[in-house]
file target.pdb (PDB, C-alpha atoms)
ATOM      1  CA  MET A   5     -62.450  69.254 168.392
ATOM      2  CA  ILE A   6     -61.433  65.655 167.643
ATOM      3  CA  ASP A   7     -59.399  65.141 164.479
ATOM      4  CA  LEU A   8     -60.896  62.964 161.780
ATOM      5  CA  PRO A   9     -59.029  59.679 161.247
ATOM      6  CA  ARG A  10     -56.230  59.659 158.725
ATOM      7  CA  PRO A  11     -56.330  57.314 155.727
ATOM      8  CA  VAL A  12     -55.191  53.823 156.721
ATOM      9  CA  PRO A  13     -52.509  53.019 155.759
ATOM     10  CA  PRO A  14     -51.262  56.636 155.578
ATOM     11  CA  HIS A  15     -50.103  56.504 151.977
ATOM     12  CA  ASP A  16     -51.465  56.668 148.448
ATOM     13  CA  ALA A  17     -49.485  54.555 145.999
ATOM     14  CA  HIS A  18     -51.352  55.406 142.795
ATOM     15  CA  THR A  19     -52.169  58.926 141.563
ATOM     16  CA  HIS A  20     -52.218  60.831 138.275
ATOM     17  CA  THR A  21     -51.503  64.461 137.419
ATOM     18  CA  THR A  22     -51.543  66.728 134.394
ATOM     19  CA  PHE A  23     -48.395  64.945 133.211
ATOM     20  CA  SER A  24     -50.782  62.271 131.894
ATOM     21  CA  ASP A  25     -54.573  62.105 132.261
ATOM     22  CA  GLY A  26     -55.016  63.784 135.652
ATOM     23  CA  ARG A  27     -56.677  67.159 136.288
ATOM     24  CA  ASN A  28     -54.306  68.637 138.886
ATOM     25  CA  SER A  29     -50.615  69.422 139.122
ATOM     26  CA  VAL A  30     -48.074  67.526 141.196
ATOM     27  CA  ALA A  31     -48.021  70.392 143.692
ATOM     28  CA  GLU A  32     -51.815  70.333 144.088
ATOM     29  CA  MET A  33     -51.876  66.561 144.625
ATOM     30  CA  VAL A  34     -49.130  66.742 147.235
ATOM     31  CA  GLN A  35     -50.839  69.650 148.993
ATOM     32  CA  VAL A  36     -53.963  67.541 149.489
ATOM     33  CA  ALA A  37     -51.852  64.560 150.582
ATOM     34  CA  GLU A  38     -50.490  66.717 153.385
ATOM     35  CA  ALA A  39     -53.931  68.098 154.219
ATOM     36  CA  VAL A  40     -55.512  64.676 154.694
ATOM     37  CA  GLY A  41     -52.624  63.368 156.786
ATOM     38  CA  LEU A  42     -50.724  61.141 154.373
ATOM     39  CA  GLU A  43     -47.122  60.306 155.110
ATOM     40  CA  ALA A  44     -46.314  59.352 151.509
ATOM     41  CA  ILE A  45     -47.724  59.671 148.017
ATOM     42  CA  ALA A  46     -46.577  58.193 144.728
ATOM     43  CA  ILE A  47     -47.127  60.190 141.548
ATOM     44  CA  THR A  48     -47.647  57.426 139.004
ATOM     45  CA  ASP A  49     -48.554  59.020 135.702
ATOM     46  CA  HIS A  50     -48.910  56.805 132.661
ATOM     47  CA  VAL A  51     -45.755  56.033 130.692
ATOM     48  CA  ARG A  52     -46.203  54.677 127.196
ATOM     49  CA  PRO A  53     -43.773  53.931 124.368
ATOM     50  CA  ASP A  54     -44.158  57.481 122.992
ATOM     51  CA  THR A  55     -43.718  59.293 126.363
ATOM     52  CA  SER A  56     -41.018  61.948 125.974
ATOM     53  CA  ASP A  57     -41.235  64.079 129.133
ATOM     54  CA  ILE A  58     -39.814  61.742 131.770
ATOM     55  CA  ASP A  59     -37.060  64.222 132.692
ATOM     56  CA  ASP A  60     -39.640  66.953 133.317
ATOM     57  CA  ARG A  61     -41.853  64.647 135.389
ATOM     58  CA  ILE A  62     -39.096  63.467 137.679
ATOM     59  CA  ALA A  63     -37.667  66.961 138.111
ATOM     60  CA  GLU A  64     -41.061  68.386 139.101
ATOM     61  CA  ILE A  65     -41.813  65.559 141.523
ATOM     62  CA  GLU A  66     -38.428  66.005 143.181
ATOM     63  CA  ARG A  67     -38.892  69.782 143.351
ATOM     64  CA  VAL A  68     -42.300  69.514 145.008
ATOM     65  CA  GLY A  69     -41.191  66.709 147.284
ATOM     66  CA  ALA A  70     -38.225  68.717 148.573
ATOM     67  CA  ARG A  71     -40.643  71.368 149.874
ATOM     68  CA  SER A  72     -43.196  69.039 151.471
ATOM     69  CA  PRO A  73     -43.236  67.097 154.755
ATOM     70  CA  VAL A  74     -44.916  64.303 152.755
ATOM     71  CA  VAL A  75     -42.634  61.723 151.129
ATOM     72  CA  VAL A  76     -43.234  62.075 147.378
ATOM     73  CA  LEU A  77     -42.170  59.208 145.126
ATOM     74  CA  ALA A  78     -41.561  59.531 141.414
ATOM     75  CA  GLY A  79     -43.523  56.677 139.917
ATOM     76  CA  ALA A  80     -44.953  55.473 136.639
ATOM     77  CA  GLU A  81     -47.836  53.295 135.516
ATOM     78  CA  ALA A  82     -46.865  51.235 132.485
ATOM     79  CA  PRO A  83     -49.264  49.333 130.229
ATOM     80  CA  ILE A  84     -48.919  45.623 129.591
ATOM     81  CA  MET A  85     -48.947  45.564 125.814
ATOM     82  CA  ASP A  86     -49.805  41.941 125.065
ATOM     83  CA  SER A  87     -50.111  38.462 126.490
ATOM     84  CA  SER A  88     -46.343  37.940 126.362
ATOM     85  CA  GLY A  89     -46.047  40.429 129.230
ATOM     86  CA  ARG A  90     -44.285  43.045 127.109
ATOM     87  CA  LEU A  91     -44.396  46.432 128.829
ATOM     88  CA  GLY A  92     -44.837  49.913 127.425
ATOM     89  CA  ILE A  93     -41.771  51.095 129.346
ATOM     90  CA  SER A  94     -38.130  50.239 128.708
ATOM     91  CA  ALA A  95     -35.799  48.838 131.339
ATOM     92  CA  SER A  96     -33.763  52.055 131.312
ATOM     93  CA  GLN A  97     -36.888  54.167 131.786
ATOM     94  CA  ALA A  98     -38.167  51.936 134.584
ATOM     95  CA  SER A  99     -34.874  52.204 136.449
ATOM     96  CA  ARG A 100     -35.333  55.964 136.811
ATOM     97  CA  PHE A 101     -38.499  55.685 138.902
ATOM     98  CA  LYS A 102     -38.872  54.756 142.553
ATOM     99  CA  LEU A 103     -42.099  52.876 141.881
ATOM    100  CA  VAL A 104     -43.262  51.284 138.629
ATOM    101  CA  LEU A 105     -46.773  49.875 138.358
ATOM    102  CA  ALA A 106     -47.816  47.536 135.549
ATOM    103  CA  GLU A 107     -51.437  47.412 134.413
ATOM    104  CA  ILE A 108     -53.592  45.386 132.091
ATOM    105  CA  THR A 109     -55.365  47.962 129.946
ATOM    106  CA  GLY A 110     -58.227  48.066 127.484
ATOM    107  CA  THR A 111     -55.703  47.551 124.682
ATOM    108  CA  THR A 112     -53.736  44.610 126.110
ATOM    109  CA  ALA A 113     -53.694  42.199 123.180
ATOM    110  CA  GLY A 114     -54.759  38.659 123.951
ATOM    111  CA  ILE A 115     -56.769  39.710 127.005
ATOM    112  CA  ALA A 116     -58.713  42.929 126.416
ATOM    113  CA  THR A 117     -58.503  42.780 122.620
ATOM    114  CA  ASP A 118     -58.213  39.765 120.316
ATOM    115  CA  ALA A 119     -59.065  37.519 123.246
ATOM    116  CA  PRO A 120     -59.231  33.806 122.426
ATOM    117  CA  ALA A 121     -62.682  32.268 122.116
ATOM    118  CA  SER A 122     -61.684  29.507 124.498
ATOM    119  CA  SER A 123     -62.161  30.481 128.142
ATOM    120  CA  SER A 124     -59.334  28.156 129.196
ATOM    121  CA  ARG A 125     -56.968  29.779 126.716
ATOM    122  CA  LEU A 126     -58.002  33.227 127.921
ATOM    123  CA  MET A 127     -57.205  32.134 131.475
ATOM    124  CA  ASP A 128     -53.807  30.932 130.237
ATOM    125  CA  ASN A 129     -53.184  34.344 128.677
ATOM    126  CA  ILE A 130     -54.086  36.170 131.874
ATOM    127  CA  PHE A 131     -51.820  34.158 134.155
ATOM    128  CA  GLU A 132     -48.961  33.757 131.682
ATOM    129  CA  THR A 133     -49.010  37.525 131.127
ATOM    130  CA  LEU A 134     -48.879  38.421 134.808
ATOM    131  CA  THR A 135     -46.270  35.745 135.497
ATOM    132  CA  ALA A 136     -44.035  37.157 132.757
ATOM    133  CA  VAL A 137     -44.384  40.706 134.090
ATOM    134  CA  VAL A 138     -43.502  39.644 137.624
ATOM    135  CA  ALA A 139     -40.575  37.489 136.512
ATOM    136  CA  GLU A 140     -39.108  40.214 134.288
ATOM    137  CA  GLY A 141     -38.216  42.335 137.301
ATOM    138  CA  HIS A 142     -38.889  45.843 135.939
ATOM    139  CA  VAL A 143     -41.985  46.571 138.038
ATOM    140  CA  ARG A 144     -42.616  46.740 141.776
ATOM    141  CA  VAL A 145     -46.423  46.746 141.770
ATOM    142  CA  LEU A 146     -49.222  45.054 139.855
ATOM    143  CA  ALA A 147     -51.788  47.831 139.493
ATOM    144  CA  HIS A 148     -55.402  46.879 140.267
ATOM    145  CA  PRO A 149     -54.778  43.177 139.513
ATOM    146  CA  PHE A 150     -57.488  41.218 137.696
ATOM    147  CA  ASN A 151     -59.282  44.328 136.425
ATOM    148  CA  LEU A 152     -61.038  42.171 133.836
ATOM    149  CA  GLY A 153     -64.740  42.977 134.151
ATOM    150  CA  ARG A 154     -65.119  45.588 131.415
ATOM    151  CA  PHE A 155     -63.533  43.684 128.546
ATOM    152  CA  GLU A 156     -65.523  41.909 125.860
ATOM    153  CA  ALA A 157     -64.562  38.567 127.392
ATOM    154  CA  ALA A 158     -65.267  39.630 130.973
ATOM    155  CA  VAL A 159     -63.671  37.640 133.785
ATOM    156  CA  TYR A 160     -64.842  37.961 137.393
ATOM    157  CA  PRO A 161     -62.870  37.215 140.560
ATOM    158  CA  ASP A 162     -64.814  34.017 141.236
ATOM    159  CA  ASP A 163     -63.861  32.756 137.749
ATOM    160  CA  LEU A 164     -60.132  32.733 138.535
ATOM    161  CA  PRO A 165     -58.653  29.310 139.399
ATOM    162  CA  ARG A 166     -57.491  29.306 143.006
ATOM    163  CA  SER A 167     -54.452  27.132 142.279
ATOM    164  CA  ARG A 168     -53.185  29.577 139.660
ATOM    165  CA  LEU A 169     -53.791  32.516 141.984
ATOM    166  CA  ARG A 170     -51.623  30.830 144.596
ATOM    167  CA  GLU A 171     -48.855  30.148 142.084
ATOM    168  CA  LEU A 172     -48.790  33.793 141.048
ATOM    169  CA  ALA A 173     -48.901  34.957 144.673
ATOM    170  CA  ARG A 174     -45.895  32.785 145.572
ATOM    171  CA  LEU A 175     -43.934  34.167 142.628
ATOM    172  CA  MET A 176     -44.809  37.747 143.593
ATOM    173  CA  ALA A 177     -43.671  37.079 147.161
ATOM    174  CA  ARG A 178     -40.355  35.653 145.926
ATOM    175  CA  ARG A 179     -39.764  38.538 143.524
ATOM    176  CA  SER A 180     -40.952  41.250 145.949
ATOM    177  CA  VAL A 181     -43.661  42.407 143.537
ATOM    178  CA  VAL A 182     -46.550  43.991 145.410
ATOM    179  CA  PHE A 183     -50.322  43.694 144.926
ATOM    180  CA  GLU A 184     -52.161  47.030 144.767
ATOM    181  CA  ILE A 185     -55.504  47.256 146.546
ATOM    182  CA  MET A 186     -57.009  50.019 144.433
ATOM    183  CA  ASN A 187     -59.847  51.966 146.018
ATOM    184  CA  HIS A 188     -61.988  52.318 142.902
ATOM    185  CA  MET A 189     -61.662  48.696 141.826
ATOM    186  CA  CYS A 190     -65.424  48.253 141.586
ATOM    187  CA  TRP A 191     -65.416  50.561 138.522
ATOM    188  CA  TRP A 192     -64.016  47.649 136.542
ATOM    189  CA  PHE A 193     -67.045  45.486 137.365
ATOM    190  CA  PRO A 194     -70.193  47.484 136.588
ATOM    191  CA  SER A 195     -72.441  44.465 136.075
ATOM    192  CA  ILE A 196     -72.310  43.109 139.631
ATOM    193  CA  PRO A 197     -73.317  44.849 142.883
ATOM    194  CA  VAL A 198     -70.509  46.441 144.866
ATOM    195  CA  GLY A 199     -71.143  44.196 147.862
ATOM    196  CA  GLU A 200     -70.888  41.025 145.775
ATOM    197  CA  PHE A 201     -67.764  42.264 144.017
ATOM    198  CA  THR A 202     -66.212  43.156 147.372
ATOM    199  CA  ARG A 203     -66.840  39.628 148.627
ATOM    200  CA  GLN A 204     -65.306  38.084 145.518
ATOM    201  CA  TYR A 205     -62.249  40.337 145.557
ATOM    202  CA  ALA A 206     -61.675  39.752 149.267
ATOM    203  CA  THR A 207     -61.262  36.060 148.458
ATOM    204  CA  ILE A 208     -58.422  36.921 146.096
ATOM    205  CA  LEU A 209     -56.742  39.178 148.650
ATOM    206  CA  ARG A 210     -57.000  36.438 151.265
ATOM    207  CA  ILE A 211     -55.176  34.003 148.976
ATOM    208  CA  PHE A 212     -52.366  36.448 148.234
ATOM    209  CA  GLY A 213     -52.034  37.318 151.900
ATOM    210  CA  GLU A 214     -51.819  33.660 152.859
ATOM    211  CA  GLU A 215     -48.941  33.245 150.396
ATOM    212  CA  ASN A 216     -47.005  36.131 151.999
ATOM    213  CA  CYS A 217     -47.516  38.560 149.154
ATOM    214  CA  LYS A 218     -47.285  42.197 150.232
ATOM    215  CA  PHE A 219     -49.733  44.977 149.411
ATOM    216  CA  VAL A 220     -49.920  48.699 148.786
ATOM    217  CA  VAL A 221     -53.057  50.812 148.777
ATOM    218  CA  GLY A 222     -53.829  53.361 146.068
ATOM    219  CA  SER A 223     -56.681  55.644 145.150
ATOM    220  CA  ASP A 224     -55.903  55.790 141.391
ATOM    221  CA  SER A 225     -57.044  59.369 141.824
ATOM    222  CA  HIS A 226     -57.024  61.547 138.721
ATOM    223  CA  CYS A 227     -57.791  64.724 140.674
ATOM    224  CA  ALA A 228     -56.716  66.246 143.966
ATOM    225  CA  HIS A 229     -60.099  65.610 145.593
ATOM    226  CA  GLY A 230     -59.513  61.859 145.538
ATOM    227  CA  VAL A 231     -56.045  61.783 147.093
ATOM    228  CA  GLY A 232     -56.003  59.519 150.145
ATOM    229  CA  ASN A 233     -59.523  58.186 149.545
ATOM    230  CA  THR A 234     -58.905  54.539 150.406
ATOM    231  CA  TRP A 235     -62.040  53.711 152.387
ATOM    232  CA  TRP A 236     -63.119  50.814 150.156
ATOM    233  CA  SER A 237     -59.577  49.443 150.182
ATOM    234  CA  ARG A 238     -59.683  49.312 153.960
ATOM    235  CA  ARG A 239     -63.136  47.708 153.852
ATOM    236  CA  VAL A 240     -62.012  44.866 151.586
ATOM    237  CA  MET A 241     -58.789  44.454 153.580
ATOM    238  CA  ARG A 242     -60.832  43.893 156.748
ATOM    239  CA  LEU A 243     -63.053  41.392 154.973
ATOM    240  CA  ALA A 244     -59.998  39.532 153.636
ATOM    241  CA  GLY A 245     -58.134  39.609 156.940
ATOM    242  CA  VAL A 246     -55.232  41.621 155.506
ATOM    243  CA  GLU A 247     -53.237  43.161 158.349
ATOM    244  CA  LEU A 248     -51.378  46.468 158.203
ATOM    245  CA  SER A 249     -48.165  44.514 158.773
ATOM    246  CA  GLN A 250     -48.685  43.045 155.287
ATOM    247  CA  VAL A 251     -48.767  46.511 153.696
ATOM    248  CA  VAL A 252     -45.503  47.962 152.390
ATOM    249  CA  ASP A 253     -44.357  51.190 154.031
ATOM    250  CA  LEU A 254     -44.369  53.414 150.973
ATOM    251  CA  SER A 255     -42.152  56.055 152.555
ATOM    252  CA  ALA A 256     -39.397  53.444 152.986
ATOM    253  CA  LEU A 257     -39.160  53.082 149.215
ATOM    254  CA  ALA A 258     -37.859  56.630 148.980
TER     255      ALA A 258
END
call {"tool": "encode", "arguments": {"input": "target.pdb", "output": "structure tokens"}}
result
Amino acid sequence: MIDLPRPVPPHDAHTHTTFSDGRNSVAEMVQVAEAVGLEAIAITDHVRPDTSDIDDRIAEIERVGARSPVVVLAGAEAPIMDSSGRLGISASQASRFKLVLAEITGTTAGIATDAPASSSRLMDNIFETLTAVVAEGHVRVLAHPFNLGRFEAAVYPDDLPRSRLRELARLMARRSVVFEIMNHMCWWFPSIPVGEFTRQYATILRIFGEENCKFVVGSDSHCAHGVGNTWWSRRVMRLAGVELSQVVDLSALA
């Protein structure tokens, strides 16, 4: 019998467990990571200003990781609170994790809520926000960047100015902040066909790759069944010409 191919790259940089809004435990997620042939997995449950169980999360991740051949990273996904780039995680909290992801959420003020009526001002908010997050230095990964299609003032990949994308990409490369290629990215853009969205997003990836920005791949799985499912990520990487040499070795971050 010929083995099925492993996920490519063999890591999952974005997963959730019962410590936040996931359905399975850390142990169950890591078990599936081993089963599907991953070399590394990051447990990146949401951390918000009122999160009080960070000690328990890190202890459990380290306990499970010590018993697994898979490299298991203690991570966190922090919300971007507003258009100033303020994060829902403190510097001291962020320093405790191996991998911190920052995400624009449905409550990010100035982008998802209370967005300016002017499209040019909204674009300013988007890029000034991400620039501030990257420059601050508390995060290693921008989670599912430009996930802007479900907000009241929806923005699509083709709407984003190429010059500003390149500026952000150069800053990310200088600050070693990584771009996540999230497998379920199309969920954020329900009003356009998957094929069209894939084409548009590949253009963004191509720009960031050309500016020497690095990538990680994540499933954003909220249950064990989705761990390592990065088929769309690989599809859009091929379309964008992103090489595996441009993808960070997640296990090295441990």
call {"tool": "resolve_selection", "arguments": {"input": "target.pdb", "expression": "the PyMOL selection byres ((chain A and resi 206) around 10)", "output": "list in words"}}
result
Pro161, Glu200, Phe201, Thr202, Arg203, Gln204, Tyr205, Thr207, Ile208, Leu209, Arg210, Ile211, Phe212, Ser237, Arg239, Val240, Met241, Arg242, Leu243, Ala244, Gly245 and Val246 of chain A
call {"tool": "resolve_selection", "arguments": {"input": "target.pdb", "expression": "the PyMOL selection byres ((chain A and resi 31) around 10)", "output": "PyMOL selection string"}}
result
chain A and resi 21+28-30+32-37+64-65+67-69+71-72+228
call {"tool": "closest_residue", "arguments": {"input": "target.pdb", "among": "A:Val51, A:Leu152, A:Ala177, A:Ala82", "to": "Pro194 in chain A", "atoms": "all atoms listed in the file"}}
result
A:Leu152
call {"tool": "closest_residue", "arguments": {"input": "target.pdb", "among": "A:Asp54, A:Asp224, A:Asp253, A:Glu247", "to": "Ala147 in chain A", "atoms": "all atoms listed in the file"}}
result
A:Asp224
call {"tool": "atom_distance", "arguments": {"input": "target.pdb", "atom1": "CA of Val220 in chain A", "atom2": "CA of Leu254 in chain A"}}
result
7.6 Å
call {"tool": "atom_distance", "arguments": {"input": "target.pdb", "atom1": "CA of Thr19 in chain A", "atom2": "CA of Pro83 in chain A"}}
result
15.1 Å
call {"tool": "resolve_selection", "arguments": {"input": "target.pdb", "expression": "the PyMOL selection byres ((chain A and resi 61) around 12)", "output": "VMD selection string"}}
result
chain A and resid 20 to 24 29 to 31 47 to 51 55 to 60 62 to 68 77 to 80 100 to 101
call {"tool": "closest_residue", "arguments": {"input": "target.pdb", "among": "A:Val138, A:Trp191, A:His18, A:Ala119", "to": "Arg154 in chain A", "atoms": "only C-alpha atoms"}}
result
A:Trp191
call {"tool": "closest_residue", "arguments": {"input": "target.pdb", "among": "A:Glu132, A:Val137, A:Asp118, A:Ala173", "to": "Glu156 in chain A", "atoms": "only C-alpha atoms"}}
result
A:Asp118
call {"tool": "closest_residue", "arguments": {"input": "target.pdb", "among": "A:Ala17, A:Ser255, A:Ser249, A:Ile115", "to": "Phe183 in chain A", "atoms": "all atoms listed in the file"}}
result
A:Ala17
call {"tool": "atom_distance", "arguments": {"input": "target.pdb", "atom1": "CA of Ala46 in chain A", "atom2": "CA of Gly153 in chain A"}}
result
25.9 Å
call {"tool": "closest_residue", "arguments": {"input": "target.pdb", "among": "A:Asp25, A:Thr109, A:Ala158, A:Gly232", "to": "Ser123 in chain A", "atoms": "only C-alpha atoms"}}
result
A:Ala158
call {"tool": "residues_around", "arguments": {"input": "target.pdb", "residues": "Phe150 in chain A", "least_positions_apart": "5", "cutoff": "10 Å", "atoms": "all atoms listed in the file", "output": "ChimeraX atom specification"}}
result
/A:107-108,130-131,134,159-161,164,189,192,205,208
call {"tool": "write_last_selection", "arguments": {"input": "target.pdb", "atoms": "C-alpha atoms", "output": "PDB file, in the coordinates of the input"}}
result
ATOM      1  CA  GLU A 107     -51.437  47.412 134.413  1.00  0.00           C
ATOM      2  CA  ILE A 108     -53.592  45.386 132.091  1.00  0.00           C
ATOM      3  CA  ILE A 130     -54.086  36.170 131.874  1.00  0.00           C
ATOM      4  CA  PHE A 131     -51.820  34.158 134.155  1.00  0.00           C
ATOM      5  CA  LEU A 134     -48.879  38.421 134.808  1.00  0.00           C
ATOM      6  CA  VAL A 159     -63.671  37.640 133.785  1.00  0.00           C
ATOM      7  CA  TYR A 160     -64.842  37.961 137.393  1.00  0.00           C
ATOM      8  CA  PRO A 161     -62.870  37.215 140.560  1.00  0.00           C
ATOM      9  CA  LEU A 164     -60.132  32.733 138.535  1.00  0.00           C
ATOM     10  CA  MET A 189     -61.662  48.696 141.826  1.00  0.00           C
ATOM     11  CA  TRP A 192     -64.016  47.649 136.542  1.00  0.00           C
ATOM     12  CA  TYR A 205     -62.249  40.337 145.557  1.00  0.00           C
ATOM     13  CA  ILE A 208     -58.422  36.921 146.096  1.00  0.00           C
TER      14      ILE A 208
END
call {"tool": "residues_around", "arguments": {"input": "target.pdb", "residues": "Val221 in chain A", "least_positions_apart": "2", "cutoff": "6 Å", "atoms": "only C-alpha atoms", "output": "count of residues only"}}
result
4
